[in-house]
$ cat upload.cif   # mmCIF, C-alpha atoms
data_work
loop_
_atom_site.label_atom_id
_atom_site.label_comp_id
_atom_site.auth_asym_id
_atom_site.auth_seq_id
_atom_site.Cartn_x
_atom_site.Cartn_y
_atom_site.Cartn_z
CA MET A 27 38.36 -62.17 -4.75
CA THR A 28 40.99 -64.39 -3.15
CA GLN A 29 40.43 -66.80 -0.30
CA ARG A 30 42.99 -67.72 2.33
CA ALA A 31 44.74 -71.07 2.07
CA LEU A 32 42.78 -73.80 3.79
CA THR A 33 44.32 -77.11 4.83
CA VAL A 34 42.31 -80.04 3.55
CA THR A 35 42.76 -83.77 3.36
CA VAL A 36 42.42 -86.18 0.52
CA THR A 37 39.50 -88.55 0.86
CA GLU A 38 38.30 -91.86 -0.53
CA LEU A 39 34.74 -92.63 -1.57
CA SER A 40 32.34 -95.29 -0.37
CA VAL A 41 29.69 -96.78 -2.67
CA SER A 42 27.00 -94.70 -0.96
CA ASP A 43 29.12 -91.52 -1.50
CA LEU A 44 29.40 -92.35 -5.20
CA CYS A 45 25.68 -93.12 -5.53
CA GLN A 46 24.75 -89.89 -3.80
CA LEU A 47 27.19 -87.71 -5.73
CA GLU A 48 26.54 -89.13 -9.17
CA HIS A 49 22.81 -89.84 -8.70
CA ILE A 50 23.27 -93.50 -9.52
CA GLU A 51 22.05 -96.78 -8.04
CA GLU A 52 24.32 -99.31 -6.34
CA HIS A 53 23.86 -101.78 -9.20
CA VAL A 54 25.48 -99.24 -11.59
CA VAL A 55 28.63 -99.26 -9.44
CA ALA A 56 28.48 -103.07 -9.50
CA GLU A 57 28.26 -103.02 -13.33
CA VAL A 58 31.27 -100.70 -13.55
CA VAL A 59 33.36 -102.95 -11.30
CA GLU A 60 32.14 -106.11 -13.04
CA HIS A 61 33.28 -104.71 -16.39
CA GLY A 62 36.74 -103.92 -14.99
CA ILE A 63 36.39 -100.14 -15.35
CA ALA A 64 37.30 -99.53 -11.72
CA GLU A 65 38.45 -101.61 -8.82
CA PRO A 66 37.58 -101.03 -5.18
CA LEU A 67 40.56 -100.35 -2.92
CA ALA A 68 38.99 -102.41 -0.16
CA GLY A 69 35.80 -104.15 0.92
CA GLU A 70 34.23 -107.56 0.29
CA ALA A 71 30.49 -106.84 0.02
CA ILE A 72 29.38 -104.05 -2.31
CA ASP A 73 28.30 -101.75 0.53
CA GLU A 74 31.81 -102.02 2.00
CA TRP A 75 33.61 -101.04 -1.20
CA VAL A 76 35.89 -98.01 -1.06
CA PHE A 77 37.31 -96.23 -4.13
CA ASP A 78 40.22 -93.85 -4.57
CA GLY A 79 40.08 -90.66 -6.64
CA THR A 80 41.41 -92.35 -9.78
CA SER A 81 38.65 -94.97 -9.71
CA ALA A 82 36.05 -92.29 -8.96
CA HIS A 83 37.29 -90.33 -11.98
CA TRP A 84 36.83 -93.32 -14.33
CA ILE A 85 33.50 -94.34 -12.77
CA LYS A 86 32.15 -90.84 -13.37
CA LYS A 87 33.33 -90.92 -16.99
CA ALA A 88 31.81 -94.38 -17.50
CA VAL A 89 28.44 -93.34 -16.08
CA ARG A 90 28.39 -90.22 -18.27
CA LEU A 91 29.22 -92.21 -21.41
CA HIS A 92 26.63 -94.87 -20.58
CA GLN A 93 23.89 -92.29 -20.04
CA ASP A 94 24.78 -89.62 -22.59
CA LEU A 95 25.73 -91.82 -25.53
CA GLU A 96 23.23 -94.54 -24.65
CA ILE A 97 25.82 -97.28 -25.06
CA ASP A 98 25.95 -100.54 -23.15
CA TRP A 99 28.48 -101.38 -20.44
CA ILE A 100 30.65 -103.55 -22.70
CA ALA A 101 31.06 -100.64 -25.13
CA VAL A 102 31.67 -98.27 -22.21
CA SER A 103 34.38 -100.53 -20.81
CA LEU A 104 36.03 -100.68 -24.24
CA VAL A 105 35.98 -96.89 -24.56
CA ILE A 106 37.36 -96.42 -21.03
CA ASP A 107 40.03 -99.04 -21.67
CA LEU A 108 41.11 -97.22 -24.84
CA MET A 109 41.08 -93.88 -23.02
CA GLN A 110 43.28 -95.32 -20.26
CA GLN A 111 45.61 -96.87 -22.84
CA LYS A 112 45.82 -93.54 -24.66
CA GLU A 113 46.70 -91.75 -21.43
CA LEU A 114 49.39 -94.35 -20.66
CA LEU A 115 50.81 -94.22 -24.19
CA GLU A 116 50.99 -90.43 -24.07
CA GLN A 117 52.88 -90.63 -20.78
CA GLU A 118 55.15 -93.34 -22.15
CA ASN A 119 55.76 -91.41 -25.34
CA GLU A 120 56.77 -88.35 -23.35
CA ARG A 121 59.08 -90.48 -21.18
CA PHE A 122 60.78 -92.10 -24.20
CA ARG A 123 61.16 -88.70 -25.88
CA ILE A 124 63.04 -87.38 -22.83
CA GLN A 125 65.06 -90.61 -22.52
CA LEU A 126 66.01 -90.54 -26.19
CA GLY A 127 67.09 -86.94 -25.80
CA ARG A 128 69.57 -88.00 -23.10
CA PHE A 129 71.17 -90.59 -25.39
CA MET A 130 71.25 -88.31 -28.42
CA ASP A 131 72.84 -85.35 -26.61
CA MET B 8 14.81 -65.10 -23.65
CA GLU B 9 16.76 -66.74 -26.44
CA PHE B 10 14.76 -69.21 -28.51
CA LYS B 11 16.36 -72.61 -29.05
CA ASP B 12 15.38 -74.35 -32.23
CA TYR B 13 15.96 -77.92 -31.17
CA TYR B 14 15.39 -79.24 -34.69
CA LYS B 15 18.13 -77.00 -36.04
CA ILE B 16 20.48 -77.93 -33.18
CA LEU B 17 20.13 -81.63 -34.02
CA GLY B 18 20.13 -80.87 -37.76
CA VAL B 19 16.84 -82.70 -38.37
CA ASP B 20 13.60 -81.83 -40.13
CA GLU B 21 10.60 -80.89 -37.96
CA ASN B 22 8.83 -84.00 -39.23
CA ALA B 23 11.75 -86.29 -38.35
CA ASP B 24 10.80 -89.57 -36.70
CA ASN B 25 12.24 -90.78 -33.38
CA LYS B 26 14.82 -92.99 -35.07
CA THR B 27 16.24 -90.06 -37.06
CA ILE B 28 16.30 -87.87 -33.95
CA LYS B 29 18.08 -90.56 -31.95
CA SER B 30 20.62 -91.13 -34.69
CA ALA B 31 21.31 -87.38 -35.07
CA TYR B 32 21.74 -87.04 -31.30
CA ARG B 33 24.12 -89.98 -31.09
CA LYS B 34 26.32 -88.64 -33.86
CA LEU B 35 26.54 -85.18 -32.31
CA ALA B 36 26.87 -86.52 -28.76
CA ARG B 37 29.80 -88.68 -29.80
CA LYS B 38 31.41 -85.70 -31.50
CA TYR B 39 30.99 -83.16 -28.69
CA HIS B 40 30.87 -85.28 -25.52
CA PRO B 41 33.25 -83.64 -23.01
CA ASP B 42 34.85 -87.01 -22.27
CA MET B 43 35.65 -87.53 -25.96
CA ASN B 44 36.38 -83.97 -27.04
CA SER B 45 38.50 -81.64 -24.93
CA GLU B 46 38.28 -78.70 -27.34
CA GLU B 47 36.97 -75.43 -26.01
CA GLY B 48 33.23 -75.05 -26.50
CA ALA B 49 32.62 -78.79 -26.99
CA GLU B 50 30.94 -79.16 -23.60
CA ASP B 51 28.56 -76.25 -24.26
CA LYS B 52 27.73 -77.69 -27.65
CA PHE B 53 27.11 -81.10 -26.08
CA LYS B 54 24.75 -79.59 -23.49
CA GLU B 55 22.81 -77.86 -26.25
CA VAL B 56 22.53 -81.14 -28.18
CA ALA B 57 21.51 -83.08 -25.04
CA GLU B 58 18.87 -80.46 -24.26
CA ALA B 59 17.46 -80.70 -27.79
CA TYR B 60 17.35 -84.50 -27.53
CA GLU B 61 15.73 -84.38 -24.09
CA VAL B 62 12.83 -82.43 -25.62
CA LEU B 63 12.51 -84.07 -29.03
CA LYS B 64 12.71 -87.69 -27.84
CA ASP B 65 9.76 -87.17 -25.51
CA GLU B 66 6.39 -87.02 -27.25
CA ALA B 67 4.74 -84.68 -24.75
CA LYS B 68 7.71 -82.31 -24.49
CA ARG B 69 8.11 -82.27 -28.25
CA ALA B 70 4.42 -81.38 -28.73
CA GLU B 71 4.78 -78.55 -26.22
CA PHE B 72 7.89 -77.29 -28.01
CA ASP B 73 6.22 -77.51 -31.42
CA GLU B 74 3.32 -75.43 -30.13
CA LEU B 75 5.68 -72.80 -28.73
CA ARG B 76 7.74 -72.78 -31.92
CA ARG B 77 4.63 -72.30 -34.04
CA TYR B 78 2.86 -69.60 -32.01
CA GLY B 79 5.68 -67.75 -30.23
CA HIS B 80 7.13 -64.68 -31.82
CA PHE B 81 10.52 -63.07 -32.10
CA ALA B 82 11.05 -59.53 -30.85
CA GLY B 83 14.50 -58.20 -31.76
CA ASN B 84 16.99 -60.80 -30.56
CA GLY B 85 14.59 -62.22 -27.97
CA PHE B 86 11.73 -64.64 -28.08
CA GLU B 87 8.33 -64.31 -26.49
CA PRO B 88 6.01 -67.24 -25.92
CA PRO B 89 2.42 -66.83 -27.18
CA PRO B 90 0.10 -64.87 -24.81
CA GLY B 91 -1.18 -66.96 -21.92
CA TRP B 92 1.30 -69.78 -22.63
CA GLN B 93 3.08 -69.53 -19.27
CA GLN B 94 -0.15 -69.84 -17.28
CA ALA B 95 -1.48 -72.64 -19.44
CA HIS B 96 1.63 -74.77 -18.98
CA GLY B 97 1.96 -75.27 -15.25
CA SER B 98 3.51 -73.28 -12.44
CA ARG B 99 6.60 -71.97 -14.18
CA ARG B 100 8.52 -69.28 -12.47
CA GLN B 101 9.17 -66.80 -15.21
CA GLY B 102 12.45 -64.99 -15.03
CA GLU B 103 13.77 -67.14 -12.20
CA ALA B 104 16.93 -68.95 -13.08
CA GLN B 105 16.98 -72.68 -12.34
CA PHE B 106 20.40 -72.84 -10.78
CA GLY B 107 21.88 -76.28 -10.65
CA SER B 108 20.31 -77.18 -13.95
CA ASP B 109 22.58 -77.46 -16.98
CA PHE B 110 19.72 -76.61 -19.31
CA SER B 111 19.07 -73.22 -20.83
CA GLU B 112 16.72 -70.54 -19.55
CA PHE B 113 14.50 -71.39 -22.52
CA PHE B 114 14.26 -75.05 -21.45
CA ASN B 115 13.66 -74.16 -17.81
CA SER B 116 10.90 -71.75 -18.75
CA MET B 117 9.17 -74.61 -20.55
CA PHE B 118 9.85 -77.60 -18.30
CA GLY B 119 11.77 -76.48 -15.25
CA GLY B 120 8.96 -75.27 -12.98
CA GLY B 121 7.81 -76.54 -9.60
CA SER B 122 10.16 -78.43 -7.37
CA HIS B 123 11.65 -80.46 -10.21
CA GLU B 124 14.96 -79.79 -11.81
CA PHE B 125 16.51 -81.50 -14.77
CA ASP B 126 20.15 -82.01 -15.38
CA PHE B 127 21.58 -82.45 -18.85
CA ARG B 128 21.12 -86.20 -18.69
CA GLY B 129 17.42 -85.68 -18.48
CA GLN B 130 17.18 -86.94 -14.92
CA THR B 131 14.51 -85.34 -12.83
CA ARG B 132 15.85 -84.49 -9.43
CA GLN B 133 13.85 -83.42 -6.46
CA GLN B 134 16.92 -83.05 -4.28
CA GLN B 135 19.14 -79.99 -4.02
CA SER B 136 21.59 -79.62 -6.83
CA ARG B 137 25.31 -80.20 -6.37
CA GLY B 138 28.18 -78.06 -7.59
CA ARG B 139 30.34 -79.20 -10.45
CA ASP B 140 33.45 -81.29 -9.83
CA VAL B 141 36.64 -79.57 -10.91
CA GLU B 142 39.80 -81.27 -12.16
CA ILE B 143 43.13 -79.49 -12.24
CA GLU B 144 46.63 -80.69 -13.04
CA MET B 145 48.95 -80.97 -10.07
CA PRO B 146 52.67 -80.93 -10.92
CA VAL B 147 54.64 -83.01 -8.41
CA PHE B 148 58.42 -83.31 -8.32
CA LEU B 149 59.81 -86.85 -7.96
CA GLU B 150 61.48 -85.89 -4.67
CA GLU B 151 58.08 -84.86 -3.32
CA THR B 152 56.63 -88.35 -3.78
CA LEU B 153 59.05 -89.90 -1.25
CA ASN B 154 57.07 -88.68 1.76
CA ASP B 155 53.65 -87.12 2.43
CA LYS B 156 54.01 -83.61 1.09
CA GLN B 157 52.02 -80.49 1.84
CA LYS B 158 51.49 -78.45 -1.31
CA THR B 159 49.53 -75.33 -2.06
CA VAL B 160 47.00 -75.56 -4.84
CA GLU B 161 45.75 -72.46 -6.63
CA TYR B 162 42.77 -72.54 -8.94
CA GLN B 163 39.82 -70.52 -10.04
CA LEU B 164 36.12 -71.22 -9.51
CA SER B 165 32.92 -69.46 -10.49
CA GLU B 166 30.82 -68.40 -7.53
CA PHE B 167 27.36 -66.87 -7.51
CA ASP B 168 27.19 -63.97 -5.06
CA GLY B 169 23.41 -63.63 -5.21
CA ARG B 170 23.44 -61.34 -8.21
CA GLN B 171 26.05 -62.57 -10.66
CA VAL B 172 28.59 -65.29 -11.27
CA LYS B 173 32.10 -64.14 -10.36
CA PRO B 174 35.51 -65.79 -10.67
CA VAL B 175 37.05 -66.59 -7.29
CA LYS B 176 40.67 -67.60 -6.72
CA LYS B 177 41.06 -70.46 -4.28
CA HIS B 178 44.15 -71.44 -2.30
CA LEU B 179 44.29 -74.81 -0.62
CA ARG B 180 46.99 -76.63 1.30
CA VAL B 181 46.69 -80.29 0.41
CA THR B 182 48.72 -83.20 1.72
CA ILE B 183 49.81 -85.23 -1.28
CA PRO B 184 50.24 -88.81 -0.04
CA GLN B 185 53.60 -90.58 -0.32
CA GLY B 186 53.94 -92.71 -3.45
CA VAL B 187 51.57 -90.87 -5.81
CA THR B 188 52.03 -91.88 -9.43
CA GLU B 189 51.74 -90.22 -12.82
CA GLY B 190 48.15 -89.85 -13.99
CA GLU B 191 46.62 -90.63 -10.60
CA ARG B 192 43.66 -88.54 -9.44
CA ILE B 193 43.21 -87.57 -5.84
CA ARG B 194 39.92 -86.30 -4.53
CA VAL B 195 39.57 -83.33 -2.24
CA LYS B 196 36.01 -83.39 -0.93
CA GLY B 197 33.81 -80.34 -1.29
CA GLN B 198 36.41 -78.05 -2.88
CA GLY B 199 34.91 -77.94 -6.38
CA GLU B 200 32.36 -75.44 -7.69
CA PRO B 201 29.83 -74.31 -5.10
CA ALA B 202 26.22 -75.26 -5.79
CA MET B 203 23.99 -72.39 -6.78
CA GLY B 204 21.16 -72.15 -4.30
CA GLY B 205 22.78 -73.73 -1.25
CA GLY B 206 23.37 -77.32 -2.39
CA ILE B 207 26.50 -79.42 -1.74
CA PRO B 208 29.69 -78.14 -3.42
CA GLY B 209 31.42 -80.34 -6.00
CA ASP B 210 34.76 -82.02 -5.36
CA LEU B 211 38.22 -81.07 -6.51
CA TYR B 212 40.20 -83.73 -8.37
CA LEU B 213 43.96 -83.26 -8.56
CA HIS B 214 45.39 -84.95 -11.64
CA ILE B 215 48.94 -85.84 -10.64
CA ARG B 216 51.58 -85.01 -13.26
CA LEU B 217 55.10 -85.99 -12.31
CA VAL B 218 57.44 -83.21 -13.41
CA PRO B 219 60.13 -84.56 -15.78
CA HIS B 220 63.36 -84.72 -13.80
CA PRO B 221 66.59 -83.42 -15.36
CA LEU B 222 68.37 -86.70 -14.47
CA PHE B 223 65.86 -89.45 -13.71
CA ASP B 224 63.24 -91.14 -15.89
CA VAL B 225 60.35 -93.04 -14.32
CA GLN B 226 59.57 -96.65 -15.23
CA GLY B 227 56.82 -97.83 -12.92
CA ARG B 228 58.39 -97.72 -9.46
CA ASN B 229 61.90 -97.80 -10.88
CA LEU B 230 64.00 -94.79 -11.80
CA VAL B 231 66.45 -94.78 -14.68
CA VAL B 232 69.53 -92.58 -14.77
CA THR B 233 71.95 -92.34 -17.66
CA LEU B 234 75.47 -92.90 -16.37
CA PRO B 235 78.13 -91.34 -18.62
CA VAL B 236 81.49 -93.16 -18.43
CA ALA B 237 84.82 -92.65 -20.21
CA PRO B 238 85.92 -95.48 -22.57
CA TRP B 239 88.73 -96.45 -20.17
CA GLU B 240 86.29 -96.55 -17.22
CA ALA B 241 84.11 -98.95 -19.23
CA ALA B 242 87.21 -101.01 -20.10
CA LEU B 243 89.01 -101.04 -16.79
CA GLY B 244 86.17 -100.60 -14.32
CA ALA B 245 85.77 -97.67 -11.96
CA LYS B 246 84.19 -96.37 -8.80
CA VAL B 247 81.84 -93.53 -9.66
CA THR B 248 79.46 -91.26 -7.80
CA VAL B 249 75.84 -91.60 -8.86
CA PRO B 250 73.03 -89.24 -7.85
CA THR B 251 69.82 -90.61 -6.32
CA LEU B 252 66.70 -88.73 -5.17
CA GLU B 253 68.07 -88.92 -1.64
CA GLY B 254 71.70 -87.95 -2.24
CA ASP B 255 74.82 -89.31 -3.93
CA ILE B 256 76.01 -92.90 -3.62
CA LYS B 257 79.17 -94.75 -4.76
CA LEU B 258 78.83 -97.34 -7.50
CA THR B 259 81.31 -99.82 -8.91
CA ILE B 260 81.52 -100.25 -12.67
CA LYS B 261 82.85 -103.67 -13.61
CA PRO B 262 85.71 -103.98 -16.12
CA ASN B 263 84.61 -104.54 -19.74
CA SER B 264 81.22 -102.91 -19.26
CA GLN B 265 79.22 -102.21 -22.41
CA ALA B 266 77.21 -99.14 -23.30
CA GLY B 267 73.58 -99.86 -22.40
CA ASN B 268 74.47 -102.16 -19.46
CA LYS B 269 72.15 -101.54 -16.52
CA LEU B 270 73.36 -101.41 -12.94
CA ARG B 271 70.61 -101.94 -10.37
CA ILE B 272 70.68 -100.02 -7.11
CA LYS B 273 68.10 -101.59 -4.81
CA GLY B 274 65.55 -99.44 -3.02
CA LYS B 275 66.53 -96.11 -4.56
CA GLY B 276 63.49 -95.78 -6.80
CA LEU B 277 60.04 -94.38 -6.06
CA LYS B 278 58.13 -95.42 -2.98
CA ARG B 279 54.98 -97.50 -2.96
CA LYS B 280 51.88 -95.96 -1.40
CA GLY B 281 51.19 -96.99 2.16
CA SER B 282 54.46 -98.88 2.68
CA GLY B 283 57.98 -97.55 2.78
CA GLU B 284 58.88 -100.12 0.11
CA ALA B 285 60.66 -98.56 -2.87
CA GLY B 286 61.55 -99.53 -6.43
CA ASP B 287 65.11 -99.58 -7.74
CA LEU B 288 67.38 -97.12 -9.49
CA LEU B 289 68.78 -98.39 -12.79
CA ALA B 290 71.97 -96.72 -13.97
CA VAL B 291 72.36 -97.19 -17.73
CA ILE B 292 75.92 -96.93 -18.97
CA LYS B 293 76.60 -94.46 -21.76
CA VAL B 294 80.16 -94.47 -23.07
CA VAL B 295 81.24 -90.91 -23.82
CA MET B 296 84.28 -90.03 -25.91
CA PRO B 297 86.60 -87.35 -24.55
CA PRO B 298 86.51 -84.18 -26.63
CA GLY B 299 89.40 -83.70 -29.09
CA GLY B 300 92.71 -84.73 -27.58
CA ASN B 301 96.38 -84.03 -28.08
CA LYS B 302 99.15 -85.85 -29.94
CA GLU B 303 99.92 -88.03 -26.97
CA THR B 304 96.35 -89.31 -26.53
CA GLN B 305 96.05 -89.74 -30.29
CA ALA B 306 99.11 -91.96 -30.24
CA LEU B 307 97.65 -94.01 -27.40
CA TRP B 308 94.39 -94.54 -29.29
CA GLU B 309 96.37 -95.70 -32.33
CA LYS B 310 98.34 -98.11 -30.20
CA LEU B 311 95.11 -99.44 -28.70
CA SER B 312 93.58 -99.83 -32.16
CA GLU B 313 96.52 -101.95 -33.30
CA SER B 314 96.73 -104.20 -30.28
CA ALA B 315 92.97 -104.69 -29.74
CA ALA B 316 92.29 -105.63 -33.41
CA PHE B 317 88.58 -105.15 -32.70
CA ASP B 318 85.87 -104.97 -35.36
CA PRO B 319 82.69 -103.57 -33.75
CA ARG B 320 80.75 -104.30 -36.99
CA SER B 321 81.69 -107.93 -37.33
CA GLU B 322 77.99 -108.89 -37.14
CA TRP B 323 77.39 -106.98 -40.37
CA SER B 324 80.02 -108.89 -42.33
CA ASN B 325 78.65 -112.20 -40.99
CA ALA B 326 75.15 -111.23 -42.07
CA SER B 327 76.06 -110.26 -45.68
#
$ encode --input "upload.cif" --output "C-alpha cells"
Amino acid sequence: MTQRALTVTVTELSVSDLCQLEHIEEHVVAEVVEHGIAEPLAGEAIDEWVFDGTSAHWIKKAVRLHQDLEIDWIAVSLVIDLMQQKELLEQENERFRIQLGRFMD
Amino acid sequence: MEFKDYYKILGVDENADNKTIKSAYRKLARKYHPDMNSEEGAEDKFKEVAEAYEVLKDEAKRAEFDELRRYGHFAGNGFEPPPGWQQAHGSRRQGEAQFGSDFSEFFNSMFGGGSHEFDFRGQTRQQQSRGRDVEIEMPVFLEETLNDKQKTVEYQLSEFDGRQVKPVKKHLRVTIPQGVTEGERIRVKGQGEPAMGGGIPGDLYLHIRLVPHPLFDVQGRNLVVTLPVAPWEAALGAKVTVPTLEGDIKLTIKPNSQAGNKLRIKGKGLKRKGSGEAGDLLAVIKVVMPPGGNKETQALWEKLSESAAFDPRSEWSNAS
C-alpha cells in the first residue's frame, strides 16, 4: 500500500517533549547536558531548553545505554563521545579517500 | 505459545545467583545492544536478553517463571501453562497481544495483564504506547544545502491493519533547512512507526549524508577543489576559470605557484544554518604535465632544464 506524499516540517524538541517521548524525568535530561552528551540550541532555564534532531538522537542513545547496560553517566558520556568520534573519523576517512583519489589520478 | 527459557537465553544455571545473572546480562547486552551492534538480528537478540533479565532479576517474577517452567508442558512446538495457571495469576488476557510492548507473547501472558504494559527496559507504563522512531539516511547534494530545499522521502513502515502487520510505503515532502551538515539528524514529528492500539506515532529521523561531489570536497564549512594547472601556468601565472557551487568564476594564479598552494575564494563554501554566511572555497593547485609532446616541445624542455639548473631533490642531498 502506498500513501500520497505529504508535506511536513522539521521540528525541534522541548525538554517536556523529550521527557514525554522517552519516558524520562527532567533531571535525566539535565544529567545528559551536564555530561556534555547534548547541548540545547536555546534556553536558559531547563524548562526552556530546546534541542535539535541531532541532540535528540544522542540523548535517546544515551538514555538507552544508561538504562539497558546499567552504566553510569560518566561511562555513557565516554561511550557517546567515542561513537561520535567514530562517526566523524569514518566521514573524514571517506573524504580523504576521495581527495587522495583526485591527486593520484 | 512459544516457551522462553530465560536461563538458557542468559546462558546461566537455574540455580544462578543474582550476581551471576546480572553479569551474564551485562555481557550479552553489551554484545547485542542495538546502539553498539548494527548487525541484523542483534536488536531481536537484545530484546530477548533484556526480557530474560527483566524476569530473572526480580525475585517474584523469577519464582513465577520457575513454577511455570517446572509444571508447564510442551505440546508439539508450543507450550501450555499448567491447568488453572492463568486464573491463579491475575487477570491476564489470554491470546490478546500486548501491542506496544517489546516483550514476547510468552512474557505478556505471564506479566502483561491488566492496564500495565512493560517495555523492554522493564518500565511499567500505564499510558498509551508510542510507535517506534525510525531513522533513514537522507542523501543531500552539496548544491541543495545552499537554500531550504524541498525533497521527497520514501521509506517503508510496518502498520497493523487490525488483523496483521503489513509493510506500507510512505512518501513525504520535507523541507531540508539551508546549511545542513554531514551526519546531522533532523526530526520529522509523528512520521515514524504508528503505535499499535491508537497511541502516538513515533518520529522520523533523517540522517543527513552529503553526497560526494565529483569536484568539491567538504572541510567543515569550506569546500576544496583541486585546480589542475599546466607547468607554464604555475611558472608564469594565469587567469583560469574555476567552478563553484553557484557557477564559474575567474581566478588569478600568481607566477611561481607551487603544487599544493591553496587559493582562497571568500564566501563560496557551504552556508551556515540560519544566516546567509558561507565558508570559503579553497582551490588547491595541482601541476599537471602535458601528455607526450613533439620534438619542438621536447627541445624547449631541454633548454629549460639547462637554463633553470634546478634540483627538486636538493633537500635529500642536504639530509644525507
$ closest_residue --input "upload.cif" --among "A:Glu48, A:Asp107, A:Glu60, A:Glu74" --to "chain B" --atoms "all atoms listed in the file"
A:Glu48
$ interface_residues --input "upload.cif" --of "chain A" --to "chain B" --cutoff "10 Å" --atoms "all atoms listed in the file" --output "PyMOL selection string"
chain A and resi 27-39+47-49+78-84+87-88+90-91+93-97+105-106+109-110+113-114+117-118+120-122+124-125+128-129
$ closest_residue --input "upload.cif" --among "A:Met130, A:Val76, A:Ala101, A:Ala71" --to "Asp43 (chain A)" --atoms "all atoms listed in the file"
A:Val76
$ residues_around --input "upload.cif" --residues "region 251-260 of chain B" --least-positions-apart "3" --cutoff "10 Å" --atoms "all atoms listed in the file" --output "ChimeraX atom specification"
/B:149-151,153,222-223,230-232,236,240-248,263-264,268,270-272,275-277,288,290,292
$ closest_residue --input "upload.cif" --among "A:Val89, A:Ile63, A:Leu126, A:Ala68" --to "Leu108 (chain A)" --atoms "all atoms listed in the file"
A:Ile63
$ atom_distance --input "upload.cif" --atom1 "CA of Ala23 (chain B)" --atom2 "CA of Phe10 (chain B)"
19.9 Å
$ resolve_selection --input "upload.cif" --expression "the PyMOL selection byres ((chain A and resi 52-57) around 9)" --output "list in words"
Val41, Ser42, Leu44, Cys45, Ile50, Glu51, Val58, Val59, Glu60, His61, Gly62, Ile63, Ala64, Ile72, Asp73, Ile85, Val89 and Trp99 of chain A
$ atom_distance --input "upload.cif" --atom1 "CA of Lys261 (chain B)" --atom2 "CA of Gly274 (chain B)"
20.7 Å
$ atom_distance --input "upload.cif" --atom1 "CA of Phe77 (chain A)" --atom2 "CA of Val141 (chain B)"
18.0 Å
$ closest_residue --input "upload.cif" --among "A:Ser103, A:Asp98, A:Glu116, A:Ser40" --to "Pro66 (chain A)" --atoms "all atoms listed in the file"
A:Ser40
$ resolve_selection --input "upload.cif" --expression "the PyMOL selection byres ((chain B and resi 59) around 8)" --output "PyMOL selection string"
chain B and resi 13-14+16-17+55-58+60-63
$ resolve_selection --input "upload.cif" --expression "the PyMOL selection byres ((chain B and resi 282) around 12)" --output "list in words"
Leu153, Asn154, Asp155, Pro184, Gln185, Gly186, Leu277, Lys278, Arg279, Lys280, Gly281, Gly283, Glu284, Ala285 and Gly286 of chain B
$ decode --input "upload.cif" --residues "region 76-111 of chain A" --atoms "C-alpha atoms" --output "PDB file, in the first residue's frame"
ATOM      1  CA  VAL A  76      15.193  23.312  23.034  1.00  0.00           C
ATOM      2  CA  PHE A  77      17.063  20.530  21.196  1.00  0.00           C
ATOM      3  CA  ASP A  78      17.566  19.799  17.515  1.00  0.00           C
ATOM      4  CA  GLY A  79      17.221  16.346  15.950  1.00  0.00           C
ATOM      5  CA  THR A  80      20.938  15.564  16.281  1.00  0.00           C
ATOM      6  CA  SER A  81      20.888  16.229  20.032  1.00  0.00           C
ATOM      7  CA  ALA A  82      17.658  14.253  20.390  1.00  0.00           C
ATOM      8  CA  HIS A  83      19.315  11.332  18.582  1.00  0.00           C
ATOM      9  CA  TRP A  84      22.270  11.277  21.017  1.00  0.00           C
ATOM     10  CA  ILE A  85      20.074  11.845  24.085  1.00  0.00           C
ATOM     11  CA  LYS A  86      17.950   8.845  23.122  1.00  0.00           C
ATOM     12  CA  LYS A  87      21.061   6.701  22.656  1.00  0.00           C
ATOM     13  CA  ALA A  88      22.487   7.878  25.992  1.00  0.00           C
ATOM     14  CA  VAL A  89      19.271   7.097  27.876  1.00  0.00           C
ATOM     15  CA  ARG A  90      19.097   3.629  26.301  1.00  0.00           C
ATOM     16  CA  LEU A  91      22.716   2.858  27.193  1.00  0.00           C
ATOM     17  CA  HIS A  92      22.258   4.144  30.744  1.00  0.00           C
ATOM     18  CA  GLN A  93      19.151   2.030  31.309  1.00  0.00           C
ATOM     19  CA  ASP A  94      19.926  -1.095  29.299  1.00  0.00           C
ATOM     20  CA  LEU A  95      23.581  -1.558  30.204  1.00  0.00           C
ATOM     21  CA  GLU A  96      23.162  -0.170  33.717  1.00  0.00           C
ATOM     22  CA  ILE A  97      26.191   2.089  33.349  1.00  0.00           C
ATOM     23  CA  ASP A  98      26.669   5.469  34.989  1.00  0.00           C
ATOM     24  CA  TRP A  99      26.533   8.806  33.169  1.00  0.00           C
ATOM     25  CA  ILE A 100      30.315   9.235  33.016  1.00  0.00           C
ATOM     26  CA  ALA A 101      30.643   5.889  31.228  1.00  0.00           C
ATOM     27  CA  VAL A 102      27.695   6.771  28.985  1.00  0.00           C
ATOM     28  CA  SER A 103      29.295  10.084  28.035  1.00  0.00           C
ATOM     29  CA  LEU A 104      32.546   8.279  27.215  1.00  0.00           C
ATOM     30  CA  VAL A 105      30.738   5.759  25.015  1.00  0.00           C
ATOM     31  CA  ILE A 106      28.769   8.502  23.234  1.00  0.00           C
ATOM     32  CA  ASP A 107      31.926  10.548  22.766  1.00  0.00           C
ATOM     33  CA  LEU A 108      33.671   7.547  21.189  1.00  0.00           C
ATOM     34  CA  MET A 109      30.640   6.843  18.998  1.00  0.00           C
ATOM     35  CA  GLN A 110      30.623  10.460  17.800  1.00  0.00           C
ATOM     36  CA  GLN A 111      34.368  10.351  17.183  1.00  0.00           C
TER      37      GLN A 111
END
